[in-house]
Amino acid sequence: MVKEIYKDLEEIKQEALDENIPIMQDETIDFITDYIADNRVKKILEIGTAVGYSSIMMALSSPLVTVTTIEKDKDRYIKALKNVKKMNLEDRITLIYNDALEVKLKEKFDLIIIDAAKSKNKEFFNKFENNLEITGAIITDNLSFHGYVKKDLKDITSRNIRGLVKKIRSYIEFLNNNIKYKTKFYELGDGISVTERRLK
Ligand code: SAM
């Protein structure tokens, strides 16, 4: 049974990698599943499902975890539906097919994962902070953007990448200067941040 689960997970991961679909690095998933256990996280909102790999990993980390995850790409959403079904997690993972910036949710979540368009991190943060429990956290992935964020802009030849780097730097600054929240940055995986409310 356990062997079967690992085999299915490996297949989902390999298929995503073969199709160049970006998924979270193992180190990042390990960090997040440890965070879930240490902080008794139960309700998770994820922006950026891709094919459901990280949602599945988070749901498998504890039977108490439920995940709502949003994806705007139809093919990826359909594949995620298939993968969630394959892992028998339909009762704990809710998939939403839409642009996250168009989605209205009333519920509150213990953990919000931002792992979608790197240029829109600030918009996602501002929109979904209303859905964060008082003691909840927002984790953002890809803040290092394959090492580009630390590079000198003049050493980056692609205009597109320079634009994304500027956006990510501006998001990091926004987190650092946000008086309502405190943020810790971790140089693991592709660089992540954990943002929690400053409680009085
Ligand atoms: N979290 C996934 C995992 O680790 O298995 C990987 C997500 S992938 C890095 C980012 C995904 O976000 C892509 O599939 C992309 O289509 C989706 N995305 C980008 N902008 C979005 C938006 N505004 N709303 C919803 N999904 C979006």
# chains A, B, ... in the order shown; residues from 1 in each chain; ligands from 1
>>> residues_around(residues="A:Lys82", least_positions_apart="3", cutoff="12 Å", atoms="only C-alpha atoms", output="compact mmCIF listing (two decimals) with all heavy atoms, in the first residue's frame")
# COMPACT_ATOMS: atom_id res chain seq x y z
N ASP A 8 3.00 5.95 -7.22
CA ASP A 8 2.10 6.90 -7.87
C ASP A 8 2.65 8.33 -7.78
O ASP A 8 2.60 9.09 -8.75
CB ASP A 8 0.71 6.86 -7.21
CG ASP A 8 -0.04 5.58 -7.58
OD1 ASP A 8 0.39 4.90 -8.53
OD2 ASP A 8 -1.03 5.27 -6.89
N ILE A 12 3.66 10.93 -10.84
CA ILE A 12 3.10 12.28 -11.00
C ILE A 12 4.25 13.29 -11.14
O ILE A 12 4.26 14.16 -12.01
CB ILE A 12 2.20 12.64 -9.79
CG1 ILE A 12 0.95 11.76 -9.79
CG2 ILE A 12 1.84 14.12 -9.78
CD1 ILE A 12 0.11 11.84 -8.52
N VAL A 51 0.01 20.59 -11.62
CA VAL A 51 -0.70 19.31 -11.78
C VAL A 51 -1.04 18.69 -10.43
O VAL A 51 -1.36 17.50 -10.34
CB VAL A 51 0.10 18.33 -12.66
CG1 VAL A 51 0.18 18.85 -14.09
CG2 VAL A 51 1.51 18.10 -12.10
N GLY A 52 -0.93 19.50 -9.37
CA GLY A 52 -1.40 19.03 -8.06
C GLY A 52 -0.34 18.40 -7.18
O GLY A 52 -0.63 17.94 -6.06
N TYR A 53 0.92 18.39 -7.64
CA TYR A 53 1.96 17.68 -6.88
C TYR A 53 2.11 18.20 -5.45
O TYR A 53 2.03 17.44 -4.49
CB TYR A 53 3.29 17.73 -7.64
CG TYR A 53 4.39 16.97 -6.93
CD1 TYR A 53 4.34 15.59 -6.83
CD2 TYR A 53 5.46 17.64 -6.34
CE1 TYR A 53 5.33 14.88 -6.16
CE2 TYR A 53 6.46 16.94 -5.68
CZ TYR A 53 6.40 15.57 -5.59
OH TYR A 53 7.37 14.88 -4.92
N ILE A 56 -0.92 17.54 -3.23
CA ILE A 56 -0.98 16.13 -2.83
C ILE A 56 0.03 15.86 -1.71
O ILE A 56 -0.31 15.23 -0.70
CB ILE A 56 -0.72 15.22 -4.07
CG1 ILE A 56 -1.91 15.29 -5.03
CG2 ILE A 56 -0.43 13.77 -3.65
CD1 ILE A 56 -1.69 14.66 -6.39
N ASP A 75 -5.42 22.73 -19.04
CA ASP A 75 -4.81 21.40 -19.16
C ASP A 75 -4.21 20.96 -17.83
O ASP A 75 -4.32 19.79 -17.44
CB ASP A 75 -3.70 21.41 -20.23
CG ASP A 75 -4.28 21.59 -21.62
OD1 ASP A 75 -5.50 21.37 -21.77
OD2 ASP A 75 -3.53 21.98 -22.53
N ARG A 76 -3.54 21.90 -17.15
CA ARG A 76 -2.93 21.55 -15.86
C ARG A 76 -4.00 21.23 -14.82
O ARG A 76 -3.86 20.29 -14.05
CB ARG A 76 -2.02 22.69 -15.38
CG ARG A 76 -0.80 22.82 -16.26
CD ARG A 76 0.16 23.87 -15.76
NE ARG A 76 1.26 23.96 -16.73
CZ ARG A 76 2.28 24.79 -16.62
NH1 ARG A 76 2.36 25.59 -15.58
NH2 ARG A 76 3.23 24.81 -17.52
N TYR A 77 -5.06 22.02 -14.84
CA TYR A 77 -6.17 21.78 -13.90
C TYR A 77 -6.75 20.38 -14.12
O TYR A 77 -6.97 19.63 -13.16
CB TYR A 77 -7.24 22.86 -14.10
CG TYR A 77 -8.58 22.53 -13.52
CD1 TYR A 77 -8.81 22.59 -12.15
CD2 TYR A 77 -9.63 22.12 -14.35
CE1 TYR A 77 -10.05 22.26 -11.62
CE2 TYR A 77 -10.87 21.80 -13.82
CZ TYR A 77 -11.08 21.87 -12.46
OH TYR A 77 -12.29 21.54 -11.94
N ILE A 78 -6.95 20.01 -15.39
CA ILE A 78 -7.53 18.69 -15.69
C ILE A 78 -6.58 17.58 -15.22
O ILE A 78 -7.00 16.59 -14.62
CB ILE A 78 -7.87 18.58 -17.20
CG1 ILE A 78 -9.06 19.49 -17.50
CG2 ILE A 78 -8.16 17.14 -17.61
CD1 ILE A 78 -9.36 19.68 -18.97
N LYS A 79 -5.30 17.81 -15.46
CA LYS A 79 -4.31 16.80 -15.00
C LYS A 79 -4.28 16.72 -13.47
O LYS A 79 -4.17 15.64 -12.89
CB LYS A 79 -2.93 17.17 -15.56
CG LYS A 79 -1.94 16.05 -15.44
CD LYS A 79 -0.85 16.10 -16.47
CE LYS A 79 -1.26 15.41 -17.75
NZ LYS A 79 -0.31 15.50 -18.83
N LYS A 85 -7.47 12.40 -7.95
CA LYS A 85 -8.35 11.21 -7.94
C LYS A 85 -7.50 9.94 -7.79
O LYS A 85 -7.81 9.05 -6.98
CB LYS A 85 -9.14 11.18 -9.25
CG LYS A 85 -10.26 10.19 -9.25
CD LYS A 85 -11.30 10.55 -10.31
CE LYS A 85 -12.48 9.62 -10.17
NZ LYS A 85 -12.59 8.65 -11.22
N LYS A 86 -6.41 9.91 -8.53
CA LYS A 86 -5.51 8.74 -8.49
C LYS A 86 -5.01 8.49 -7.06
O LYS A 86 -4.84 7.35 -6.64
CB LYS A 86 -4.33 9.05 -9.41
CG LYS A 86 -3.29 7.98 -9.58
CD LYS A 86 -2.28 8.48 -10.61
CE LYS A 86 -1.16 7.52 -10.86
NZ LYS A 86 -0.28 7.97 -11.94
N MET A 87 -4.81 9.60 -6.31
CA MET A 87 -4.30 9.46 -4.94
C MET A 87 -5.44 9.35 -3.91
O MET A 87 -5.19 9.37 -2.70
CB MET A 87 -3.41 10.67 -4.57
CG MET A 87 -2.22 10.91 -5.47
SD MET A 87 -1.11 9.50 -5.68
CE MET A 87 -0.48 9.30 -4.03
N ASN A 88 -6.67 9.28 -4.39
CA ASN A 88 -7.85 9.18 -3.50
C ASN A 88 -7.94 10.35 -2.51
O ASN A 88 -8.29 10.16 -1.36
CB ASN A 88 -7.84 7.88 -2.71
CG ASN A 88 -8.07 6.70 -3.61
OD1 ASN A 88 -8.95 6.74 -4.46
ND2 ASN A 88 -7.27 5.66 -3.45
N LEU A 89 -7.64 11.55 -3.01
CA LEU A 89 -7.65 12.70 -2.09
C LEU A 89 -8.75 13.72 -2.45
O LEU A 89 -8.71 14.86 -2.00
CB LEU A 89 -6.28 13.39 -2.11
CG LEU A 89 -5.16 12.61 -1.41
CD1 LEU A 89 -3.78 13.22 -1.72
CD2 LEU A 89 -5.37 12.58 0.10
N GLU A 90 -9.75 13.26 -3.22
CA GLU A 90 -10.81 14.19 -3.66
C GLU A 90 -11.54 14.82 -2.48
O GLU A 90 -12.05 15.93 -2.58
CB GLU A 90 -11.87 13.50 -4.51
CG GLU A 90 -11.36 12.84 -5.77
CD GLU A 90 -11.35 11.35 -5.62
OE1 GLU A 90 -10.69 10.84 -4.70
OE2 GLU A 90 -12.01 10.68 -6.44
N ILE A 93 -8.78 17.60 -1.10
CA ILE A 93 -8.19 18.64 -1.99
C ILE A 93 -9.30 19.19 -2.91
O ILE A 93 -9.91 18.44 -3.66
CB ILE A 93 -7.03 18.09 -2.84
CG1 ILE A 93 -5.90 17.57 -1.94
CG2 ILE A 93 -6.51 19.16 -3.79
CD1 ILE A 93 -4.69 17.00 -2.68
N LEU A 95 -10.09 21.62 -5.99
CA LEU A 95 -9.40 22.30 -7.09
C LEU A 95 -10.31 23.36 -7.70
O LEU A 95 -11.48 23.08 -7.97
CB LEU A 95 -9.01 21.28 -8.16
CG LEU A 95 -7.99 20.24 -7.69
CD1 LEU A 95 -8.47 18.85 -7.98
CD2 LEU A 95 -6.64 20.49 -8.32
>>> residues_around(residues="A:Gly189", least_positions_apart="4", cutoff="12 Å", atoms="only C-alpha atoms", output="list in words")
Ile23, Met24, Gln25, Asp26, Glu27, Thr28, Ile29, Asp30, Phe31, Ile32, Thr140, Asp141, Asn142, Leu143, Ser144, Phe145, His146, Gly147, Phe185 and Ser193 of chain A
>>> residues_near_ligand(ligand="ligand 1", cutoff="9 Å", atoms="only C-alpha atoms and all ligand atoms", output="JSON, numbers by chain")
{"A": [13, 16, 21, 22, 23, 24, 25, 28, 29, 46, 47, 48, 49, 50, 51, 52, 53, 54, 55, 56, 57, 69, 70, 71, 72, 73, 74, 76, 77, 96, 97, 98, 99, 100, 101, 102, 103, 113, 114, 115, 116, 117, 118, 119, 120, 124, 141, 142]}
>>> select_by_dssp(residues="stretch 51-169 of chain A", states="strand (DSSP E or B)", output="tab-separated table (two decimals) with all heavy atoms, in the first residue's frame")
chain	number	residue	atom	x	y	z
A	66	THR	N	-6.59	19.88	4.86
A	66	THR	CA	-7.38	20.04	3.64
A	66	THR	C	-6.74	21.17	2.82
A	66	THR	O	-6.20	22.12	3.39
A	66	THR	CB	-8.86	20.40	3.93
A	66	THR	OG1	-8.88	21.62	4.67
A	66	THR	CG2	-9.58	19.31	4.69
A	67	VAL	N	-6.78	21.02	1.51
A	67	VAL	CA	-6.15	22.00	0.63
A	67	VAL	C	-7.16	22.51	-0.39
A	67	VAL	O	-7.87	21.71	-1.01
A	67	VAL	CB	-4.95	21.38	-0.14
A	67	VAL	CG1	-4.24	22.43	-0.99
A	67	VAL	CG2	-3.96	20.69	0.80
A	68	THR	N	-7.21	23.85	-0.54
A	68	THR	CA	-7.95	24.45	-1.65
A	68	THR	C	-6.88	25.04	-2.56
A	68	THR	O	-5.99	25.76	-2.09
A	68	THR	CB	-8.89	25.58	-1.15
A	68	THR	OG1	-9.82	25.01	-0.24
A	68	THR	CG2	-9.63	26.24	-2.29
A	69	THR	N	-6.91	24.69	-3.83
A	69	THR	CA	-5.83	25.12	-4.70
A	69	THR	C	-6.38	25.65	-6.02
A	69	THR	O	-7.38	25.16	-6.52
A	69	THR	CB	-4.79	23.98	-4.88
A	69	THR	OG1	-3.74	24.42	-5.74
A	69	THR	CG2	-5.41	22.71	-5.46
A	70	ILE	N	-5.74	26.73	-6.52
A	70	ILE	CA	-6.28	27.45	-7.69
A	70	ILE	C	-5.30	27.38	-8.87
A	70	ILE	O	-4.10	27.66	-8.70
A	70	ILE	CB	-6.54	28.94	-7.33
A	70	ILE	CG1	-7.32	29.07	-6.01
A	70	ILE	CG2	-7.29	29.65	-8.46
A	70	ILE	CD1	-7.47	30.51	-5.50
A	71	GLU	N	-5.83	27.05	-10.04
A	71	GLU	CA	-5.00	26.97	-11.24
A	71	GLU	C	-5.75	27.60	-12.41
A	71	GLU	O	-6.93	27.32	-12.62
A	71	GLU	CB	-4.66	25.50	-11.53
A	71	GLU	CG	-3.93	25.25	-12.83
A	71	GLU	CD	-2.61	26.01	-12.95
A	71	GLU	OE1	-1.76	25.91	-12.05
A	71	GLU	OE2	-2.43	26.72	-13.96
A	93	ILE	N	-8.78	17.60	-1.10
A	93	ILE	CA	-8.19	18.64	-1.99
A	93	ILE	C	-9.30	19.19	-2.91
A	93	ILE	O	-9.91	18.44	-3.66
A	93	ILE	CB	-7.03	18.09	-2.84
A	93	ILE	CG1	-5.90	17.57	-1.94
A	93	ILE	CG2	-6.51	19.16	-3.79
A	93	ILE	CD1	-4.69	17.00	-2.68
A	94	THR	N	-9.54	20.49	-2.80
A	94	THR	CA	-10.53	21.15	-3.66
A	94	THR	C	-9.79	21.93	-4.72
A	94	THR	O	-8.94	22.77	-4.40
A	94	THR	CB	-11.39	22.13	-2.82
A	94	THR	OG1	-11.96	21.39	-1.74
A	94	THR	CG2	-12.47	22.77	-3.65
A	95	LEU	N	-10.09	21.62	-5.99
A	95	LEU	CA	-9.40	22.30	-7.09
A	95	LEU	C	-10.31	23.36	-7.70
A	95	LEU	O	-11.48	23.08	-7.97
A	95	LEU	CB	-9.01	21.28	-8.16
A	95	LEU	CG	-7.99	20.24	-7.69
A	95	LEU	CD1	-8.47	18.85	-7.98
A	95	LEU	CD2	-6.64	20.49	-8.32
A	96	ILE	N	-9.76	24.55	-7.88
A	96	ILE	CA	-10.53	25.63	-8.51
A	96	ILE	C	-9.84	26.01	-9.81
A	96	ILE	O	-8.63	26.29	-9.82
A	96	ILE	CB	-10.62	26.87	-7.58
A	96	ILE	CG1	-11.32	26.50	-6.26
A	96	ILE	CG2	-11.34	28.03	-8.27
A	96	ILE	CD1	-11.32	27.62	-5.22
A	97	TYR	N	-10.63	26.02	-10.89
A	97	TYR	CA	-10.08	26.39	-12.19
A	97	TYR	C	-10.45	27.84	-12.49
A	97	TYR	O	-11.59	28.14	-12.82
A	97	TYR	CB	-10.64	25.44	-13.27
A	97	TYR	CG	-10.41	25.90	-14.69
A	97	TYR	CD1	-9.15	26.30	-15.12
A	97	TYR	CD2	-11.46	25.94	-15.60
A	97	TYR	CE1	-8.95	26.73	-16.41
A	97	TYR	CE2	-11.27	26.38	-16.90
A	97	TYR	CZ	-10.01	26.77	-17.30
A	97	TYR	OH	-9.79	27.21	-18.58
A	109	PHE	N	-7.81	30.56	6.23
A	109	PHE	CA	-6.86	29.44	6.12
A	109	PHE	C	-5.71	29.63	7.11
A	109	PHE	O	-5.32	30.76	7.42
A	109	PHE	CB	-6.31	29.37	4.70
A	109	PHE	CG	-7.37	29.08	3.67
A	109	PHE	CD1	-8.10	30.12	3.10
A	109	PHE	CD2	-7.69	27.78	3.30
A	109	PHE	CE1	-9.11	29.87	2.16
A	109	PHE	CE2	-8.69	27.51	2.38
A	109	PHE	CZ	-9.39	28.57	1.81
A	110	ASP	N	-5.16	28.49	7.57
A	110	ASP	CA	-4.00	28.55	8.49
A	110	ASP	C	-2.72	28.85	7.72
A	110	ASP	O	-1.77	29.41	8.26
A	110	ASP	CB	-3.79	27.19	9.17
A	110	ASP	CG	-5.02	26.73	9.92
A	110	ASP	OD1	-5.57	27.55	10.66
A	110	ASP	OD2	-5.42	25.55	9.75
A	111	LEU	N	-2.71	28.42	6.46
A	111	LEU	CA	-1.51	28.60	5.65
A	111	LEU	C	-1.91	28.92	4.22
A	111	LEU	O	-2.79	28.26	3.66
A	111	LEU	CB	-0.68	27.30	5.68
A	111	LEU	CG	0.62	27.27	4.88
A	111	LEU	CD1	1.60	28.34	5.36
A	111	LEU	CD2	1.29	25.90	4.96
A	112	ILE	N	-1.26	29.96	3.66
A	112	ILE	CA	-1.49	30.30	2.25
A	112	ILE	C	-0.16	30.17	1.53
A	112	ILE	O	0.85	30.74	1.96
A	112	ILE	CB	-2.07	31.74	2.10
A	112	ILE	CG1	-3.44	31.82	2.81
A	112	ILE	CG2	-2.19	32.13	0.64
A	112	ILE	CD1	-4.10	33.20	2.78
A	113	ILE	N	-0.17	29.40	0.44
A	113	ILE	CA	1.06	29.21	-0.34
A	113	ILE	C	0.92	30.00	-1.63
A	113	ILE	O	-0.04	29.79	-2.38
A	113	ILE	CB	1.24	27.71	-0.73
A	113	ILE	CG1	1.10	26.77	0.48
A	113	ILE	CG2	2.55	27.50	-1.49
A	113	ILE	CD1	2.30	26.65	1.34
A	114	ILE	N	1.87	30.89	-1.88
A	114	ILE	CA	1.87	31.62	-3.15
A	114	ILE	C	2.95	31.00	-4.05
A	114	ILE	O	4.15	31.11	-3.77
A	114	ILE	CB	2.13	33.14	-2.93
A	114	ILE	CG1	1.06	33.75	-2.01
A	114	ILE	CG2	2.16	33.86	-4.28
A	114	ILE	CD1	1.22	35.24	-1.72
A	132	LEU	N	-6.54	34.98	5.65
A	132	LEU	CA	-5.55	34.36	6.55
A	132	LEU	C	-6.05	34.42	8.00
A	132	LEU	O	-6.46	35.48	8.48
A	132	LEU	CB	-4.22	35.12	6.42
A	132	LEU	CG	-3.02	34.51	7.13
A	132	LEU	CD1	-2.62	33.17	6.51
A	132	LEU	CD2	-1.83	35.48	7.09
A	133	GLU	N	-6.01	33.27	8.66
A	133	GLU	CA	-6.33	33.24	10.09
A	133	GLU	C	-5.36	34.16	10.84
A	133	GLU	O	-4.22	34.36	10.40
A	133	GLU	CB	-6.14	31.80	10.64
A	133	GLU	CG	-7.20	30.81	10.23
A	133	GLU	CD	-8.52	30.99	10.99
A	133	GLU	OE1	-8.65	31.92	11.81
A	133	GLU	OE2	-9.43	30.20	10.70
A	134	ILE	N	-5.79	34.68	12.00
A	134	ILE	CA	-4.95	35.61	12.77
A	134	ILE	C	-3.56	35.04	13.01
A	134	ILE	O	-2.54	35.73	12.87
A	134	ILE	CB	-5.63	35.92	14.13
A	134	ILE	CG1	-6.91	36.73	13.91
A	134	ILE	CG2	-4.70	36.64	15.10
A	134	ILE	CD1	-6.68	38.17	13.52
A	135	THR	N	-3.50	33.75	13.33
A	135	THR	CA	-2.19	33.15	13.64
A	135	THR	C	-1.61	32.42	12.42
A	135	THR	O	-0.67	31.63	12.56
A	135	THR	CB	-2.33	32.15	14.80
A	135	THR	OG1	-3.36	31.21	14.43
A	135	THR	CG2	-2.69	32.83	16.10
A	136	GLY	N	-2.17	32.68	11.25
A	136	GLY	CA	-1.73	31.96	10.05
A	136	GLY	C	-0.45	32.52	9.43
A	136	GLY	O	0.13	33.49	9.92
A	137	ALA	N	-0.02	31.86	8.34
A	137	ALA	CA	1.21	32.29	7.66
A	137	ALA	C	1.03	32.22	6.14
A	137	ALA	O	0.23	31.43	5.64
A	137	ALA	CB	2.37	31.40	8.07
A	138	ILE	N	1.81	33.08	5.48
A	138	ILE	CA	1.84	33.05	4.01
A	138	ILE	C	3.26	32.64	3.59
A	138	ILE	O	4.24	33.28	3.99
A	138	ILE	CB	1.50	34.43	3.41
A	138	ILE	CG1	0.07	34.84	3.81
A	138	ILE	CG2	1.65	34.42	1.89
A	138	ILE	CD1	-0.40	36.19	3.28
A	139	ILE	N	3.34	31.56	2.84
A	139	ILE	CA	4.66	31.12	2.34
A	139	ILE	C	4.71	31.41	0.84
A	139	ILE	O	3.79	31.05	0.10
A	139	ILE	CB	4.88	29.61	2.61
A	139	ILE	CG1	4.98	29.36	4.12
A	139	ILE	CG2	6.14	29.11	1.89
A	139	ILE	CD1	5.32	27.93	4.53
A	140	THR	N	5.76	32.10	0.43
A	140	THR	CA	5.93	32.40	-1.01
A	140	THR	C	7.16	31.68	-1.53
A	140	THR	O	8.23	31.72	-0.92
A	140	THR	CB	6.10	33.93	-1.23
A	140	THR	OG1	5.06	34.62	-0.51
A	140	THR	CG2	6.00	34.29	-2.70
>>> closest_residue(among="A:Asn20, A:Ser158, A:Asn121, A:Ser62", to="A:Glu173", atoms="only C-alpha atoms")
A:Asn121
>>> atom_distance(atom1="atom CA of A:Lys127", atom2="atom CA of A:Lys104")
9.1 Å
>>> atom_distance(atom1="atom CA of A:Ala80", atom2="atom CA of A:Leu64")
20.6 Å
>>> closest_residue(among="A:Ser170, A:Asn39, A:Thr157, A:Thr195", to="A:Lys122", atoms="only C-alpha atoms")
A:Ser170
>>> closest_residue(among="A:Tyr181, A:Leu60, A:Asp18, A:Asp91", to="A:Val2", atoms="only C-alpha atoms")
A:Leu60
>>> atom_distance(atom1="atom CA of A:Leu81", atom2="atom CA of A:Leu188")
28.8 Å
>>> select_by_dssp(residues="stretch 21-200 of chain A", states="alpha helix (DSSP H)", output="PyMOL selection string")
chain A and resi 26-38+53-61+74-86+121-128+159-176
>>> decode(residues="stretch 41-64 of chain A", atoms="N, CA and C atoms", output="PDB file, in the first residue's frame")
ATOM      1  N   VAL A  41      -1.023  22.968  11.245  1.00  0.00           N
ATOM      2  CA  VAL A  41      -1.794  23.563  10.148  1.00  0.00           C
ATOM      3  C   VAL A  41      -2.847  22.562   9.660  1.00  0.00           C
ATOM      4  N   LYS A  42      -4.065  23.071   9.469  1.00  0.00           N
ATOM      5  CA  LYS A  42      -5.127  22.180   8.963  1.00  0.00           C
ATOM      6  C   LYS A  42      -5.659  22.658   7.605  1.00  0.00           C
ATOM      7  N   LYS A  43      -5.940  23.954   7.512  1.00  0.00           N
ATOM      8  CA  LYS A  43      -6.543  24.444   6.258  1.00  0.00           C
ATOM      9  C   LYS A  43      -5.532  25.234   5.436  1.00  0.00           C
ATOM     10  N   ILE A  44      -5.337  24.770   4.205  1.00  0.00           N
ATOM     11  CA  ILE A  44      -4.329  25.410   3.347  1.00  0.00           C
ATOM     12  C   ILE A  44      -4.981  25.930   2.065  1.00  0.00           C
ATOM     13  N   LEU A  45      -4.557  27.130   1.663  1.00  0.00           N
ATOM     14  CA  LEU A  45      -4.931  27.673   0.351  1.00  0.00           C
ATOM     15  C   LEU A  45      -3.653  27.776  -0.467  1.00  0.00           C
ATOM     16  N   GLU A  46      -3.691  27.241  -1.673  1.00  0.00           N
ATOM     17  CA  GLU A  46      -2.512  27.326  -2.539  1.00  0.00           C
ATOM     18  C   GLU A  46      -2.875  28.068  -3.829  1.00  0.00           C
ATOM     19  N   ILE A  47      -2.053  29.055  -4.183  1.00  0.00           N
ATOM     20  CA  ILE A  47      -2.232  29.764  -5.455  1.00  0.00           C
ATOM     21  C   ILE A  47      -1.207  29.160  -6.412  1.00  0.00           C
ATOM     22  N   GLY A  48      -1.672  28.461  -7.431  1.00  0.00           N
ATOM     23  CA  GLY A  48      -0.765  27.788  -8.370  1.00  0.00           C
ATOM     24  C   GLY A  48      -0.704  26.291  -8.104  1.00  0.00           C
ATOM     25  N   THR A  49      -1.646  25.561  -8.724  1.00  0.00           N
ATOM     26  CA  THR A  49      -1.735  24.105  -8.513  1.00  0.00           C
ATOM     27  C   THR A  49      -0.758  23.351  -9.395  1.00  0.00           C
ATOM     28  N   ALA A  50      -0.563  23.824 -10.605  1.00  0.00           N
ATOM     29  CA  ALA A  50       0.069  23.064 -11.706  1.00  0.00           C
ATOM     30  C   ALA A  50      -0.677  21.729 -11.808  1.00  0.00           C
ATOM     31  N   VAL A  51       0.009  20.592 -11.622  1.00  0.00           N
ATOM     32  CA  VAL A  51      -0.697  19.314 -11.776  1.00  0.00           C
ATOM     33  C   VAL A  51      -1.040  18.686 -10.431  1.00  0.00           C
ATOM     34  N   GLY A  52      -0.934  19.499  -9.369  1.00  0.00           N
ATOM     35  CA  GLY A  52      -1.398  19.033  -8.057  1.00  0.00           C
ATOM     36  C   GLY A  52      -0.338  18.402  -7.182  1.00  0.00           C
ATOM     37  N   TYR A  53       0.922  18.393  -7.639  1.00  0.00           N
ATOM     38  CA  TYR A  53       1.955  17.675  -6.882  1.00  0.00           C
ATOM     39  C   TYR A  53       2.109  18.204  -5.451  1.00  0.00           C
ATOM     40  N   SER A  54       2.309  19.532  -5.295  1.00  0.00           N
ATOM     41  CA  SER A  54       2.523  20.055  -3.930  1.00  0.00           C
ATOM     42  C   SER A  54       1.265  19.909  -3.075  1.00  0.00           C
ATOM     43  N   SER A  55       0.084  20.076  -3.683  1.00  0.00           N
ATOM     44  CA  SER A  55      -1.173  19.900  -2.917  1.00  0.00           C
ATOM     45  C   SER A  55      -1.252  18.479  -2.381  1.00  0.00           C
ATOM     46  N   ILE A  56      -0.920  17.539  -3.235  1.00  0.00           N
ATOM     47  CA  ILE A  56      -0.980  16.126  -2.834  1.00  0.00           C
ATOM     48  C   ILE A  56       0.026  15.859  -1.708  1.00  0.00           C
ATOM     49  N   MET A  57       1.238  16.385  -1.858  1.00  0.00           N
ATOM     50  CA  MET A  57       2.262  16.167  -0.819  1.00  0.00           C
ATOM     51  C   MET A  57       1.827  16.765   0.518  1.00  0.00           C
ATOM     52  N   MET A  58       1.205  17.955   0.458  1.00  0.00           N
ATOM     53  CA  MET A  58       0.759  18.591   1.714  1.00  0.00           C
ATOM     54  C   MET A  58      -0.383  17.788   2.329  1.00  0.00           C
ATOM     55  N   ALA A  59      -1.317  17.328   1.498  1.00  0.00           N
ATOM     56  CA  ALA A  59      -2.451  16.558   2.029  1.00  0.00           C
ATOM     57  C   ALA A  59      -1.972  15.225   2.619  1.00  0.00           C
ATOM     58  N   LEU A  60      -0.951  14.645   1.987  1.00  0.00           N
ATOM     59  CA  LEU A  60      -0.463  13.350   2.497  1.00  0.00           C
ATOM     60  C   LEU A  60       0.320  13.495   3.801  1.00  0.00           C
ATOM     61  N   SER A  61       0.746  14.741   4.101  1.00  0.00           N
ATOM     62  CA  SER A  61       1.571  14.926   5.310  1.00  0.00           C
ATOM     63  C   SER A  61       0.758  14.749   6.592  1.00  0.00           C
ATOM     64  N   SER A  62      -0.557  14.930   6.521  1.00  0.00           N
ATOM     65  CA  SER A  62      -1.410  14.704   7.701  1.00  0.00           C
ATOM     66  C   SER A  62      -2.849  14.471   7.263  1.00  0.00           C
ATOM     67  N   PRO A  63      -3.529  13.505   7.877  1.00  0.00           N
ATOM     68  CA  PRO A  63      -4.937  13.268   7.492  1.00  0.00           C
ATOM     69  C   PRO A  63      -5.852  14.419   7.896  1.00  0.00           C
ATOM     70  N   LEU A  64      -5.329  15.361   8.711  1.00  0.00           N
ATOM     71  CA  LEU A  64      -6.155  16.495   9.153  1.00  0.00           C
ATOM     72  C   LEU A  64      -6.106  17.669   8.177  1.00  0.00           C
TER      73      LEU A  64
END
